[in-house]
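Have a look at the structure below, then the notes.
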Amino acid sequence: MIRFPSHLAQALSAQEQERKRRNMTWQAVQEEVLNRIQNGEWPEGGLIPTEAELATEFGCARATVNRALQTLAQSGVLERRRKVGTRVAQHPRVQMVRTLLRREIEASGKVYGYALLDCRECSPPADVAQAMLLRTEDVLLRVQARFSADGALYCCEERWINNYATPGLTREVLEEMSPCEWLLGHVPINRGSMAMAASRAGEDFVSLALELDPADPVLLLERVDWLGNMPVSLTRRYFPETHRFTATI
């Protein structure tokens, strides 16, 4: 076993700690905070550790922690008060459910993957317009994406987004992160509805994205998110028939 001089060992340790500080992003801090809320470690209404304490624990800059907590506060997951601290909101589930896909994949020990397939402005079909209480002549942002686990196809998604509710959301942004993750940090959604159904892959992007025959069955998960009375997005997520859907409530 090779033994380094104490001064060299300390230098190497400091370098490793600095490397970890540089690699710990605000998104990673945000995800860890959400995990602790979801698993009950930080209960609703309870105070969480201070920015300084979290920065020390995660080995990152306090500014990194601040950005993560501010983003979650803007989304309604956390409540922050000067001289009081940061506490978990009483009902943060509406916000947290939007990050479930990444956490579901990573919780299984697999690497989460996301790829943007298409992004364009167009008029919605009648059923989408009706569900979002819009007109078929309105123009929405349609985003099609595919998700993977350890490189294997996991599901695909078609999302119709209200441009008026999402200023700043561009194709360049969506090349780097999914709509779900962007919305979590930028739009304080406060209600939503969800439905599940069995469907067919069909002659559209679903069969192509999941590499299925058009007649193959898929599991459809549909969600509509709102900010007050303003529709934000309608999401249709398609899973292969072998998928098992689980949720913690």
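Following the order of the structure tokens, first chain is A, next is B, and so on, with residues numbered from 1 inside each chain and ligands from 1 in the order they appear.
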
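The residue set within 9 Å of range 195-204 of chain A, counting only C-alpha atoms and dropping same-chain residues fewer than 4 places from it, reads Leu208, Ala209, Leu210, Leu212, Asp213, Pro214, Ala215, Asp216, Pro217, Val218, Leu219, Leu220, Leu221, Glu222, Arg223, Tyr238, Pro240 and Glu241 of chain A.
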
Contacts of Arg135 in chain A at 10 Å (only C-alpha atoms; same-chain gap of 3+ positions) as a PyMOL selection string:
chain A and resi 123-126+128-130+132+138-139

Written selection (C-alpha atoms) as a short mmCIF file (atom, residue, chain, number, x, y, z; two decimals), in the first residue's frame:
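The resulting file, result_23.cif, is reproduced below:
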data_model
loop_
_atom_site.label_atom_id
_atom_site.label_comp_id
_atom_site.auth_asym_id
_atom_site.auth_seq_id
_atom_site.Cartn_x
_atom_site.Cartn_y
_atom_site.Cartn_z
CA SER A 123 -52.33 24.59 -33.82
CA PRO A 124 -53.52 21.82 -31.48
CA PRO A 125 -55.96 19.06 -32.47
CA ALA A 126 -59.53 19.50 -31.25
CA VAL A 128 -56.10 18.96 -26.97
CA ALA A 129 -57.69 22.39 -27.43
CA GLN A 130 -60.81 21.24 -25.58
CA MET A 132 -56.86 23.05 -22.32
CA ASP A 138 -54.56 29.05 -31.14
CA VAL A 139 -50.86 28.38 -31.65
#

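The closest residue to Ala131 in chain A, picked from A:Asn35, A:Thr50, A:Asn66, A:Ser193 and counting only C-alpha atoms, is A:Ser193.
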
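When CA of Arg82 in chain A is paired with CA of Gln27 in chain A, their separation reads 23.2 Å.
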
| If you run DSSP on the backbone, which residues of range 2-244 of chain A are helix (DSSP H, G or I), as a PyMOL selection string? | chain A and resi 6-23+26-38+51-58+62-74+93-107+126-131+163-165+171-176+179-186+205-209

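Between CA of Cys180 in chain A and CA of Leu101 in chain A lies a distance of 9.2 Å.
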
Requested in this report: Please provide the set of residues having any atom within 12 Å of range 224-229 of chain A, restricted to only C-alpha atoms, with same-chain residues fewer than 3 positions apart removed, written as an MDAnalysis selection string.
Outcome: chainID A and resid 75:76 94:95 97:98 128:134 159:162 164:166 180 183:184 186:195 221 232:237

Picked from range 172-217 of chain A by DSSP as strand (DSSP E), as JSON, numbers by chain: {"A": [191, 192, 193, 194, 195, 196, 197, 198, 199, 200, 217]}

Export, as an mmCIF file, in the first residue's frame, the selected residues with C-alpha atoms.
data_model
loop_
_atom_site.group_PDB
_atom_site.id
_atom_site.type_symbol
_atom_site.label_atom_id
_atom_site.label_comp_id
_atom_site.auth_asym_id
_atom_site.auth_seq_id
_atom_site.Cartn_x
_atom_site.Cartn_y
_atom_site.Cartn_z
ATOM 1 C CA ARG A 191 -53.148 22.436 -9.963
ATOM 2 C CA GLY A 192 -53.330 19.599 -12.427
ATOM 3 C CA SER A 193 -55.338 16.589 -13.543
ATOM 4 C CA MET A 194 -54.108 13.171 -14.615
ATOM 5 C CA ALA A 195 -55.586 10.183 -16.455
ATOM 6 C CA MET A 196 -54.280 6.790 -17.590
ATOM 7 C CA ALA A 197 -55.508 4.579 -20.396
ATOM 8 C CA ALA A 198 -54.519 1.696 -22.659
ATOM 9 C CA SER A 199 -53.879 2.725 -26.253
ATOM 10 C CA ARG A 200 -52.124 1.695 -29.472
ATOM 11 C CA PRO A 217 -50.400 -1.668 -27.080
#

inquiry  = Give me the residues near Trp182 in chain A as a PyMOL selection string, where near means some atom within 10 Å (using only C-alpha atoms) and where sequence neighbours in that chain fewer than 5 positions away do not count.
reply    = chain A and resi 166+168-169+173-174+176-177+187

Taking 4 positions as the minimum chain separation for residues in the same chain, which residues sit within 9 Å of Trp42 in chain A when counting only C-alpha atoms? Answer as a compact mmCIF listing (two decimals) with C-alpha atoms, in the first residue's frame.
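Okay, part-v5.txt is ready:
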# COMPACT_ATOMS: atom_id res chain seq x y z
CA VAL A 33 -33.96 18.29 -1.92
CA ARG A 36 -35.78 14.13 0.75
CA ILE A 37 -39.22 15.69 0.61
CA GLN A 38 -40.64 12.79 -1.39
CA GLY A 46 -41.11 21.47 8.50
CA LEU A 47 -37.99 23.62 8.38
CA ILE A 48 -35.06 22.32 6.34
CA ARG A 87 -39.72 25.11 5.11
CA VAL A 88 -41.47 22.52 2.97

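Separating CA of Lys110 in chain A from CA of Glu158 in chain A is a distance of 23.0 Å.
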